[in-house]
>>> print(open('input_31.cif').read())   # mmCIF, C-alpha atoms and all ligand atoms
data_data
loop_
_atom_site.group_PDB
_atom_site.id
_atom_site.type_symbol
_atom_site.label_atom_id
_atom_site.label_comp_id
_atom_site.auth_asym_id
_atom_site.auth_seq_id
_atom_site.Cartn_x
_atom_site.Cartn_y
_atom_site.Cartn_z
ATOM 1 C CA MET A 1 205.730 141.536 61.078
ATOM 2 C CA SER A 2 206.078 144.577 58.928
ATOM 3 C CA THR A 3 208.942 146.865 59.796
ATOM 4 C CA ASP A 4 207.593 150.301 59.164
ATOM 5 C CA PRO A 5 210.614 152.658 59.086
ATOM 6 C CA ASN A 6 208.389 155.336 60.620
ATOM 7 C CA ARG A 7 207.376 153.142 63.516
ATOM 8 C CA PRO A 8 208.301 154.990 66.702
ATOM 9 C CA THR A 9 209.750 153.168 69.730
ATOM 10 C CA ASN A 10 208.882 155.890 72.210
ATOM 11 C CA CYS A 11 205.954 158.241 72.363
ATOM 12 C CA PRO A 12 206.794 161.392 70.355
ATOM 13 C CA ASN A 13 204.585 163.414 72.707
ATOM 14 C CA CYS A 14 205.835 162.420 76.146
ATOM 15 C CA GLY A 15 208.760 160.050 75.596
ATOM 16 C CA SER A 16 207.148 157.079 77.351
ATOM 17 C CA PRO A 17 207.475 153.589 75.888
ATOM 18 C CA LEU A 18 204.808 152.489 73.451
ATOM 19 C CA GLN A 19 202.857 149.302 73.701
ATOM 20 C CA GLU A 20 201.235 147.261 70.965
ATOM 21 C CA ARG A 21 197.514 146.977 71.439
ATOM 22 C CA GLU A 22 194.648 145.500 69.531
ATOM 23 C CA GLY A 23 191.606 147.690 69.187
ATOM 24 C CA LYS A 24 188.234 147.181 67.656
ATOM 25 C CA TYR A 25 189.609 148.280 64.299
ATOM 26 C CA GLY A 26 193.001 146.601 64.309
ATOM 27 C CA LYS A 27 196.464 146.862 65.797
ATOM 28 C CA PHE A 28 198.024 150.077 66.980
ATOM 29 C CA LEU A 29 200.819 151.343 69.212
ATOM 30 C CA GLY A 30 199.517 153.177 72.213
ATOM 31 C CA CYS A 31 201.361 155.238 74.791
ATOM 32 C CA THR A 32 201.897 153.480 78.139
ATOM 33 C CA LYS A 33 200.924 156.777 79.811
ATOM 34 C CA PHE A 34 197.357 156.318 78.517
ATOM 35 C CA PRO A 35 194.871 157.828 79.454
ATOM 36 C CA GLU A 36 196.970 160.932 80.269
ATOM 37 C CA CYS A 37 198.595 160.666 76.860
ATOM 38 C CA ARG A 38 196.472 159.529 73.959
ATOM 39 C CA TYR A 39 199.151 159.188 71.318
ATOM 40 C CA ILE A 40 198.380 156.432 68.813
ATOM 41 C CA PHE A 41 200.420 155.044 65.944
ATOM 42 C CA ASP A 42 198.271 153.050 63.572
ATOM 43 C CA LEU A 43 199.719 149.621 62.681
ATOM 44 C CA SER A 44 197.037 148.608 60.235
ATOM 45 C CA PRO A 45 198.427 147.791 56.792
ATOM 46 C CA PRO A 46 198.222 150.568 54.196
ATOM 47 C CA THR A 47 195.088 150.529 52.068
ATOM 48 C CA ASN A 48 196.953 151.891 49.007
ATOM 49 C CA LEU A 49 193.761 153.748 48.209
ATOM 50 C CA ASN A 50 193.851 157.408 47.366
ATOM 51 C CA CYS A 51 191.323 160.066 48.127
ATOM 52 C CA PRO A 52 189.320 160.944 44.991
ATOM 53 C CA ASP A 53 189.267 164.582 46.111
ATOM 54 C CA CYS A 54 192.831 165.363 47.159
ATOM 55 C CA GLY A 55 194.889 162.262 46.307
ATOM 56 C CA LYS A 56 196.120 161.598 49.854
ATOM 57 C CA GLU A 57 195.936 158.120 51.329
ATOM 58 C CA LEU A 58 192.688 156.736 52.713
ATOM 59 C CA LYS A 59 192.912 154.961 56.055
ATOM 60 C CA TRP A 60 190.512 152.906 58.087
ATOM 61 C CA LYS A 61 188.980 154.860 60.896
ATOM 62 C CA GLY A 62 186.321 154.107 63.412
ATOM 63 C CA GLY A 63 183.488 156.361 64.392
ATOM 64 C CA LYS A 64 180.064 156.145 65.852
ATOM 65 C CA MET A 65 178.692 155.205 62.440
ATOM 66 C CA GLY A 66 181.017 152.214 62.238
ATOM 67 C CA ARG A 67 184.177 151.667 60.291
ATOM 68 C CA PHE A 68 184.953 153.865 57.329
ATOM 69 C CA LEU A 69 187.791 154.930 55.055
ATOM 70 C CA GLY A 70 188.788 158.471 55.829
ATOM 71 C CA CYS A 71 191.195 160.797 54.083
ATOM 72 C CA THR A 72 194.542 161.302 55.848
ATOM 73 C CA GLY A 73 194.312 164.927 54.695
ATOM 74 C CA TYR A 74 191.608 165.471 57.329
ATOM 75 C CA PRO A 75 190.620 168.137 58.495
ATOM 76 C CA ASP A 76 191.522 169.927 55.223
ATOM 77 C CA CYS A 77 189.797 167.185 53.273
ATOM 78 C CA THR A 78 186.682 165.591 54.699
ATOM 79 C CA PHE A 79 186.220 162.829 52.137
ATOM 80 C CA LEU A 80 185.064 159.581 53.637
ATOM 81 C CA TYR A 81 183.836 156.271 52.348
ATOM 82 C CA ASN A 82 181.520 154.336 54.576
ATOM 83 C CA PRO A 83 180.965 150.846 53.128
ATOM 84 C CA GLU A 84 177.628 150.641 54.879
ATOM 85 C CA SER A 85 176.286 153.923 53.661
ATOM 86 C CA LYS A 86 173.871 153.885 50.720
ATOM 87 C CA ASP A 87 174.937 157.176 49.167
ATOM 88 C CA LYS A 88 178.674 156.591 49.235
ATOM 89 C CA ARG A 89 180.833 158.050 46.515
ATOM 90 C CA ASP A 90 182.957 155.961 44.205
ATOM 91 C CA ILE A 91 186.538 155.136 45.002
ATOM 92 C CA PHE A 92 188.992 153.871 42.450
ATOM 93 C CA CYS A 93 191.555 151.145 41.996
ATOM 94 C CA PRO A 94 195.115 152.352 42.775
ATOM 95 C CA GLU A 95 196.472 150.086 40.029
ATOM 96 C CA CYS A 96 194.239 150.681 37.029
ATOM 97 C CA GLU A 97 191.992 153.543 38.154
ATOM 98 C CA GLU A 98 188.774 151.622 37.473
ATOM 99 C CA LYS A 99 185.946 151.829 39.958
ATOM 100 C CA LEU A 100 186.033 149.623 43.049
ATOM 101 C CA GLU A 101 182.961 147.665 43.976
ATOM 102 C CA LEU A 102 181.952 146.227 47.316
ATOM 103 C CA LYS A 103 181.493 142.447 47.102
ATOM 104 C CA THR A 104 180.698 139.952 49.803
ATOM 105 C CA ASP A 105 181.401 136.250 49.494
ATOM 106 C CA GLU A 106 182.107 133.398 51.908
ATOM 107 C CA LYS A 107 185.622 134.753 52.566
ATOM 108 C CA GLY A 108 184.366 138.137 53.688
ATOM 109 C CA THR A 109 183.674 141.536 52.248
ATOM 110 C CA PHE A 110 186.062 143.064 49.747
ATOM 111 C CA LEU A 111 186.501 146.145 47.672
ATOM 112 C CA ARG A 112 187.266 144.685 44.255
ATOM 113 C CA CYS A 113 188.369 146.270 41.040
ATOM 114 C CA THR A 114 185.762 146.323 38.267
ATOM 115 C CA GLY A 115 188.441 146.654 35.581
ATOM 116 C CA GLU A 116 189.675 143.967 33.190
ATOM 117 C CA GLU A 117 190.554 140.475 34.474
ATOM 118 C CA ASP A 118 194.253 141.305 34.577
ATOM 119 C CA CYS A 119 193.727 143.592 37.551
ATOM 120 C CA SER A 120 193.268 141.639 40.732
ATOM 121 C CA PHE A 121 193.327 144.483 43.227
ATOM 122 C CA GLU A 122 191.199 143.846 46.258
ATOM 123 C CA LEU A 123 191.061 145.201 49.775
ATOM 124 C CA GLU A 124 189.463 143.347 52.614
ATOM 125 C CA VAL A 125 186.777 145.310 54.389
ATOM 126 C CA LYS A 126 186.513 144.090 57.933
ATOM 127 C CA MET A 127 182.939 145.007 58.582
ATOM 128 C CA GLU A 128 181.908 145.450 62.120
ATOM 129 C CA LYS A 129 179.529 142.670 63.056
ATOM 130 C CA THR A 130 176.200 144.337 63.420
ATOM 131 C CA ILE A 131 172.659 143.099 63.658
ATOM 132 C CA LYS A 132 170.865 143.785 60.397
ATOM 133 C CA CYS A 133 167.688 145.809 60.158
ATOM 134 C CA PRO A 134 164.848 143.408 59.263
ATOM 135 C CA GLU A 135 163.236 146.128 57.142
ATOM 136 C CA CYS A 136 165.994 147.558 55.009
ATOM 137 C CA GLY A 137 169.049 145.352 55.626
ATOM 138 C CA GLY A 138 171.060 148.258 57.076
ATOM 139 C CA SER A 139 172.856 148.044 60.410
ATOM 140 C CA LEU A 140 171.168 148.428 63.746
ATOM 141 C CA ARG A 141 172.902 150.533 66.340
ATOM 142 C CA LYS A 142 172.346 150.850 70.028
ATOM 143 C CA ARG A 143 170.766 154.183 70.842
ATOM 144 C CA THR A 144 169.270 155.815 73.869
ATOM 145 C CA GLY A 145 165.932 157.533 73.534
ATOM 146 C CA LYS A 146 163.011 158.691 75.652
ATOM 147 C CA PHE A 147 162.097 155.093 76.430
ATOM 148 C CA GLY A 148 165.572 153.839 77.244
ATOM 149 C CA VAL A 149 168.039 151.852 75.195
ATOM 150 C CA PHE A 150 166.811 150.639 71.846
ATOM 151 C CA LEU A 151 168.184 149.361 68.577
ATOM 152 C CA GLY A 152 167.676 151.837 65.784
ATOM 153 C CA CYS A 153 168.384 151.563 62.082
ATOM 154 C CA GLN A 154 171.484 153.329 60.776
ATOM 155 C CA SER A 155 169.479 154.448 57.739
ATOM 156 C CA TYR A 156 167.225 156.619 59.909
ATOM 157 C CA PRO A 157 165.375 158.825 58.902
ATOM 158 C CA GLU A 158 164.852 156.853 55.646
ATOM 159 C CA CYS A 159 164.106 153.748 57.697
ATOM 160 C CA HIS A 160 162.149 154.019 60.916
ATOM 161 C CA PHE A 161 162.773 150.561 62.279
ATOM 162 C CA GLY A 162 163.385 150.531 66.000
ATOM 163 C CA PHE A 163 163.383 147.804 68.602
ATOM 164 C CA ASN A 164 163.002 148.370 72.308
ATOM 165 C CA ALA A 165 163.100 145.138 74.314
ATOM 166 C CA ASP A 166 162.044 146.931 77.495
ATOM 167 C CA ARG A 167 158.709 147.753 75.955
ATOM 168 C CA GLY A 168 158.105 144.128 75.040
ATOM 169 C CA GLU A 169 158.495 144.816 71.344
ATOM 170 C CA GLN A 170 158.954 141.863 69.057
ATOM 171 C CA ALA A 171 161.273 141.688 66.123
ATOM 172 C CA THR A 172 162.925 138.982 64.112
ATOM 173 C CA LEU A 173 166.575 139.755 64.526
ATOM 174 C CA VAL A 174 169.279 137.469 63.281
ATOM 175 C CA CYS A 175 172.655 136.755 64.857
ATOM 176 C CA PRO A 176 175.402 138.483 62.798
ATOM 177 C CA GLU A 177 177.829 135.656 63.596
ATOM 178 C CA CYS A 178 175.881 132.494 62.856
ATOM 179 C CA GLY A 179 172.514 133.440 61.352
ATOM 180 C CA TYR A 180 170.343 131.949 64.091
ATOM 181 C CA PRO A 181 167.554 134.101 65.544
ATOM 182 C CA LEU A 182 168.317 136.312 68.518
ATOM 183 C CA ALA A 183 166.201 136.283 71.642
ATOM 184 C CA VAL A 184 165.819 138.800 74.433
ATOM 185 C CA LYS A 185 167.155 137.268 77.630
ATOM 186 C CA GLU A 186 167.500 138.379 81.174
ATOM 187 C CA GLY A 187 170.898 138.036 82.835
ATOM 188 C CA LYS A 188 172.719 139.077 85.969
ATOM 189 C CA TYR A 189 173.466 142.446 84.447
ATOM 190 C CA GLY A 190 170.070 143.048 82.906
ATOM 191 C CA GLN A 191 168.513 142.508 79.541
ATOM 192 C CA PHE A 192 170.503 141.375 76.568
ATOM 193 C CA LEU A 193 170.014 139.973 73.102
ATOM 194 C CA GLY A 194 171.495 136.521 72.961
ATOM 195 C CA CYS A 195 171.898 134.027 70.158
ATOM 196 C CA THR A 196 169.555 131.042 70.206
ATOM 197 C CA GLY A 197 172.510 129.076 68.854
ATOM 198 C CA TYR A 198 174.102 129.321 72.335
ATOM 199 C CA PRO A 199 176.323 127.587 73.551
ATOM 200 C CA ASP A 200 177.800 127.019 70.070
ATOM 201 C CA CYS A 201 177.525 130.714 69.358
ATOM 202 C CA LYS A 202 178.255 133.184 72.116
ATOM 203 C CA PHE A 203 177.124 136.355 70.407
ATOM 204 C CA LEU A 204 175.343 138.727 72.721
ATOM 205 C CA LEU A 205 174.476 142.375 72.831
ATOM 206 C CA ASN A 206 173.840 144.118 76.088
ATOM 207 C CA LEU A 207 170.723 146.255 76.036
ATOM 208 C CA LYS A 208 171.616 148.457 78.982
HETATM 209 ZN ZN ZN B 301 202.749 159.601 75.406
HETATM 210 ZN ZN ZN B 302 191.215 163.847 50.642
HETATM 211 ZN ZN ZN B 303 192.198 147.682 39.027
HETATM 212 ZN ZN ZN B 304 166.299 149.866 58.421
HETATM 213 ZN ZN ZN B 305 174.826 133.237 66.802
#
>>> encode(input="input_31.cif", output="C-alpha cells")
Amino acid sequence: MSTDPNRPTNCPNCGSPLQEREGKYGKFLGCTKFPECRYIFDLSPPTNLNCPDCGKELKWKGGKMGRFLGCTGYPDCTFLYNPESKDKRDIFCPECEEKLELKTDEKGTFLRCTGEEDCSFELEVKMEKTIKCPECGGSLRKRTGKFGVFLGCQSYPECHFGFNADRGEQATLVCPECGYPLAVKEGKYGQFLGCTGYPDCKFLLNLK
C-alpha cells in the first residue's frame, strides 16, 4: 500500500472516520457519514501527467461520458482528455515531452510515449467496458428517449446508431467482455442484454 503523507484519517469536513471504498473508477476514502457528507479522498495512483494548458496534474475522473483525465485546476482550467473521444487534444509524456498515443494490446489500453526507445513511459487506461457501436466503433450508452430506454452512440450526432429492444429492433452487438454476440433476454426484472456466452460469461446490461 502506498502511504500518501496527505492521506487523512478523519474527514476534514465533519471529523468522522473515513472508510476505504472501491468505486467504479478505483479506490477512494469516503466519509462514514455518507450520504450526509460527501467528502472523498482519491486513492488512485498519480498519473504524473500534466495539463497542457496550465501545467497542473491530470487525474482520472468519471462523468456521464465515461472515464476521462481532468485537470486538477478545475474549475479555473477546464482541460480534459477523454480517451474515447475522437477530437481529443494531445497530451505529452512527463519524462521526455513527446506526444502520448493511445494503444490497445492484449494487456489492456495504454497511453504510450511516442518518443525514442529509451523512454518507456506508459499509463494504463482502464477503459470502462462498454458495448461498441456496430456502425462507428464508438461506445454505446444507455439513454432514455421518447420510446423508453435505448442504447445510443456516444458519437451522436455524428453517428445516429440507436438500439431500442422494446421496439423489437435488431442489432449485432458484441459482448465487451468476451466478444460473443449479445441477445435481448427477458428476466425477472425486465428486459436485459445478456451474453450468449453465458454461463461462462456473465456480462449483462439492464435495459430498464
Ligand atoms: Zn465527513
Ligand atoms: Zn489545466
Ligand atoms: Zn517519453
Ligand atoms: Zn456510432
Ligand atoms: Zn460475454
>>> residues_near_ligand(input="input_31.cif", ligand="ligand ZN 303 (chain B)", cutoff="6 Å", atoms="only C-alpha atoms and all ligand atoms", output="PyMOL selection string")
chain A and resi 93+95-98+113+115+119+121
>>> residues_near_ligand(input="input_31.cif", ligand="ligand ZN 305 (chain B)", cutoff="8 Å", atoms="only C-alpha atoms and all ligand atoms", output="MDAnalysis selection string")
chainID A and resid 174:182 194:198 200:203
>>> residues_around(input="input_31.cif", residues="Cys54 in chain A", least_positions_apart="3", cutoff="9 Å", atoms="all atoms listed in the file", output="PyMOL selection string")
chain A and resi 50-51+57+71+73+77+79
>>> write_last_selection(input="input_31.cif", atoms="C-alpha atoms", output="mmCIF file, keeping the file's coordinate frame")
data_model
loop_
_atom_site.group_PDB
_atom_site.id
_atom_site.type_symbol
_atom_site.label_atom_id
_atom_site.label_comp_id
_atom_site.auth_asym_id
_atom_site.auth_seq_id
_atom_site.Cartn_x
_atom_site.Cartn_y
_atom_site.Cartn_z
ATOM 1 C CA ASN A 50 193.851 157.408 47.366
ATOM 2 C CA CYS A 51 191.323 160.066 48.127
ATOM 3 C CA GLU A 57 195.936 158.120 51.329
ATOM 4 C CA CYS A 71 191.195 160.797 54.083
ATOM 5 C CA GLY A 73 194.312 164.927 54.695
ATOM 6 C CA CYS A 77 189.797 167.185 53.273
ATOM 7 C CA PHE A 79 186.220 162.829 52.137
#
>>> atom_distance(input="input_31.cif", atom1="CA of Lys59 in chain A", atom2="CA of Glu20 in chain A")
18.7 Å
>>> atom_distance(input="input_31.cif", atom1="CA of Val149 in chain A", atom2="CA of Leu207 in chain A")
6.3 Å
>>> closest_residue(input="input_31.cif", among="A:Gly162, A:Leu204, A:Asn6, A:Thr172", to="ligand ZN 304 (chain B)", atoms="all atoms listed in the file")
A:Gly162
>>> resolve_selection(input="input_31.cif", expression="the PyMOL selection byres (((chain A and resi 151) around 8) and not hetatm)", output="list of chain:residue names")
A:Leu140, A:Arg141, A:Lys142, A:Arg143, A:Val149, A:Phe150, A:Gly152, A:Cys153, A:Gly162, A:Phe163, A:Asn164
>>> closest_residue(input="input_31.cif", among="A:Arg21, A:Lys188, A:Lys33, A:Lys107", to="ligand ZN 301 (chain B)", atoms="all atoms listed in the file")
A:Lys33
>>> residues_near_ligand(input="input_31.cif", ligand="ligand ZN 304 (chain B)", cutoff="10 Å", atoms="only C-alpha atoms and all ligand atoms", output="ChimeraX atom specification")
/A:132-140,152-162
>>> residues_near_ligand(input="input_31.cif", ligand="ligand ZN 301 (chain B)", cutoff="12 Å", atoms="only C-alpha atoms and all ligand atoms", output="list of chain:residue names")
A:Pro8, A:Thr9, A:Asn10, A:Cys11, A:Pro12, A:Asn13, A:Cys14, A:Gly15, A:Ser16, A:Pro17, A:Leu18, A:Gln19, A:Leu29, A:Gly30, A:Cys31, A:Thr32, A:Lys33, A:Phe34, A:Pro35, A:Glu36, A:Cys37, A:Arg38, A:Tyr39, A:Ile40, A:Phe41
>>> atom_distance(input="input_31.cif", atom1="CA of Asp76 in chain A", atom2="CA of Glu122 in chain A")
27.6 Å
>>> residues_around(input="input_31.cif", residues="Thr104 in chain A", least_positions_apart="6", cutoff="12 Å", atoms="all atoms listed in the file", output="list in words")
Pro83, Phe110, Leu111, Arg112, Glu122, Leu123, Glu124, Val125, Lys126 and Met127 of chain A
>>> residues_near_point(input="input_31.cif", point="(190.6, 155.9, 57.4)", cutoff="8 Å", atoms="only C-alpha atoms", output="list in words")
Leu58, Lys59, Trp60, Lys61, Gly62, Phe68, Leu69, Gly70, Cys71, Thr72 and Leu80 of chain A
>>> axis_aligned_box(input="input_31.cif", around="range 34-47 of chain A", padding_each_side="8 Å", output="JSON")
{"center_x": 197.6, "center_y": 154.4, "center_z": 66.2, "size_x": 21.5, "size_y": 29.1, "size_z": 44.2}
>>> closest_residue(input="input_31.cif", among="A:Leu100, A:Leu173, A:Ala165, A:Ala183", to="Thr130 in chain A", atoms="all atoms listed in the file")
A:Leu173
>>> closest_residue(input="input_31.cif", among="A:Gly108, A:Gly55, A:Pro45, A:Gly145", to="ligand ZN 302 (chain B)", atoms="all atoms listed in the file")
A:Gly55
>>> residues_around(input="input_31.cif", residues="Arg167 in chain A", least_positions_apart="6", cutoff="12 Å", atoms="only C-alpha atoms", output="list in words")
Lys146, Phe147, Gly148, Val149, Phe150, Val184 and Gln191 of chain A
>>> write_last_selection(input="input_31.cif", atoms="C-alpha atoms", output="PDB file, in the coordinates of the input")
ATOM      1  CA  LYS A 146     163.011 158.691  75.652  1.00  0.00           C
ATOM      2  CA  PHE A 147     162.097 155.093  76.430  1.00  0.00           C
ATOM      3  CA  GLY A 148     165.572 153.839  77.244  1.00  0.00           C
ATOM      4  CA  VAL A 149     168.039 151.852  75.195  1.00  0.00           C
ATOM      5  CA  PHE A 150     166.811 150.639  71.846  1.00  0.00           C
ATOM      6  CA  VAL A 184     165.819 138.800  74.433  1.00  0.00           C
ATOM      7  CA  GLN A 191     168.513 142.508  79.541  1.00  0.00           C
TER       8      GLN A 191
END
>>> closest_residue(input="input_31.cif", among="A:Asp53, A:Arg7, A:Lys27, A:Lys185", to="ligand ZN 302 (chain B)", atoms="all atoms listed in the file")
A:Asp53
>>> closest_residue(input="input_31.cif", among="A:Asp42, A:Pro75, A:Pro5, A:Phe28", to="ligand ZN 302 (chain B)", atoms="all atoms listed in the file")
A:Pro75
>>> decode(input="input_31.cif", residues="range 101-124 of chain A", atoms="N, CA and C atoms", output="JSON list (two decimals), in the first residue's frame")
[["chain", "number", "residue", "atom", "x", "y", "z"],
["A", 101, "GLU", "N", 0.42, 8.43, -27.12],
["A", 101, "GLU", "CA", -0.52, 7.83, -28.05],
["A", 101, "GLU", "C", -1.27, 6.71, -27.36],
["A", 102, "LEU", "N", -2.54, 6.60, -27.69],
["A", 102, "LEU", "CA", -3.38, 5.56, -27.10],
["A", 102, "LEU", "C", -3.18, 4.26, -27.87],
["A", 103, "LYS", "N", -2.78, 3.20, -27.15],
["A", 103, "LYS", "CA", -2.53, 1.91, -27.81],
["A", 103, "LYS", "C", -3.25, 0.82, -27.03],
["A", 104, "THR", "N", -3.85, -0.08, -27.76],
["A", 104, "THR", "CA", -4.51, -1.21, -27.10],
["A", 104, "THR", "C", -3.84, -2.50, -27.53],
["A", 105, "ASP", "N", -3.47, -3.32, -26.57],
["A", 105, "ASP", "CA", -2.96, -4.65, -26.90],
["A", 105, "ASP", "C", -3.62, -5.64, -25.95],
["A", 106, "GLU", "N", -3.12, -6.88, -25.93],
["A", 106, "GLU", "CA", -3.79, -7.91, -25.13],
["A", 106, "GLU", "C", -3.74, -7.61, -23.63],
["A", 107, "LYS", "N", -2.80, -6.75, -23.20],
["A", 107, "LYS", "CA", -2.70, -6.43, -21.77],
["A", 107, "LYS", "C", -3.66, -5.32, -21.36],
["A", 108, "GLY", "N", -4.20, -4.62, -22.33],
["A", 108, "GLY", "CA", -5.12, -3.54, -22.00],
["A", 108, "GLY", "C", -4.87, -2.34, -22.88],
["A", 109, "THR", "N", -5.37, -1.21, -22.42],
["A", 109, "THR", "CA", -5.19, 0.03, -23.18],
["A", 109, "THR", "C", -4.22, 0.93, -22.43],
["A", 110, "PHE", "N", -3.29, 1.50, -23.15],
["A", 110, "PHE", "CA", -2.26, 2.31, -22.52],
["A", 110, "PHE", "C", -2.05, 3.61, -23.28],
["A", 111, "LEU", "N", -1.66, 4.62, -22.53],
["A", 111, "LEU", "CA", -1.12, 5.82, -23.14],
["A", 111, "LEU", "C", 0.38, 5.61, -23.17],
["A", 112, "ARG", "N", 0.95, 5.55, -24.39],
["A", 112, "ARG", "CA", 2.38, 5.28, -24.50],
["A", 112, "ARG", "C", 3.09, 6.45, -25.15],
["A", 113, "CYS", "N", 4.33, 6.61, -24.76],
["A", 113, "CYS", "CA", 5.16, 7.67, -25.30],
["A", 113, "CYS", "C", 5.56, 7.35, -26.72],
["A", 114, "THR", "N", 5.50, 8.35, -27.61],
["A", 114, "THR", "CA", 5.90, 8.13, -29.00],
["A", 114, "THR", "C", 7.36, 8.54, -29.22],
["A", 115, "GLY", "N", 8.05, 8.89, -28.16],
["A", 115, "GLY", "CA", 9.44, 9.33, -28.27],
["A", 115, "GLY", "C", 10.38, 8.18, -28.57],
["A", 116, "GLU", "N", 11.67, 8.42, -28.44],
["A", 116, "GLU", "CA", 12.69, 7.41, -28.73],
["A", 116, "GLU", "C", 12.52, 6.19, -27.82],
["A", 117, "GLU", "N", 13.17, 5.07, -28.23],
["A", 117, "GLU", "CA", 13.01, 3.81, -27.48],
["A", 117, "GLU", "C", 13.40, 3.94, -26.01],
["A", 118, "ASP", "N", 14.30, 4.86, -25.70],
["A", 118, "ASP", "CA", 14.78, 4.93, -24.32],
["A", 118, "ASP", "C", 13.75, 5.53, -23.36],
["A", 119, "CYS", "N", 12.60, 5.95, -23.88],
["A", 119, "CYS", "CA", 11.56, 6.40, -22.96],
["A", 119, "CYS", "C", 10.47, 5.34, -22.94],
["A", 120, "SER", "N", 10.21, 4.82, -21.75],
["A", 120, "SER", "CA", 9.25, 3.72, -21.68],
["A", 120, "SER", "C", 8.01, 4.13, -20.90],
["A", 121, "PHE", "N", 7.77, 5.44, -20.83],
["A", 121, "PHE", "CA", 6.60, 5.89, -20.07],
["A", 121, "PHE", "C", 5.32, 5.32, -20.65],
["A", 122, "GLU", "N", 4.52, 4.76, -19.77],
["A", 122, "GLU", "CA", 3.17, 4.36, -20.17],
["A", 122, "GLU", "C", 2.24, 4.48, -18.99],
["A", 123, "LEU", "N", 0.97, 4.71, -19.29],
["A", 123, "LEU", "CA", -0.04, 4.84, -18.25],
["A", 123, "LEU", "C", -1.21, 3.98, -18.66],
["A", 124, "GLU", "N", -1.61, 3.10, -17.75],
["A", 124, "GLU", "CA", -2.72, 2.23, -18.09],
["A", 124, "GLU", "C", -4.02, 3.03, -18.08]]
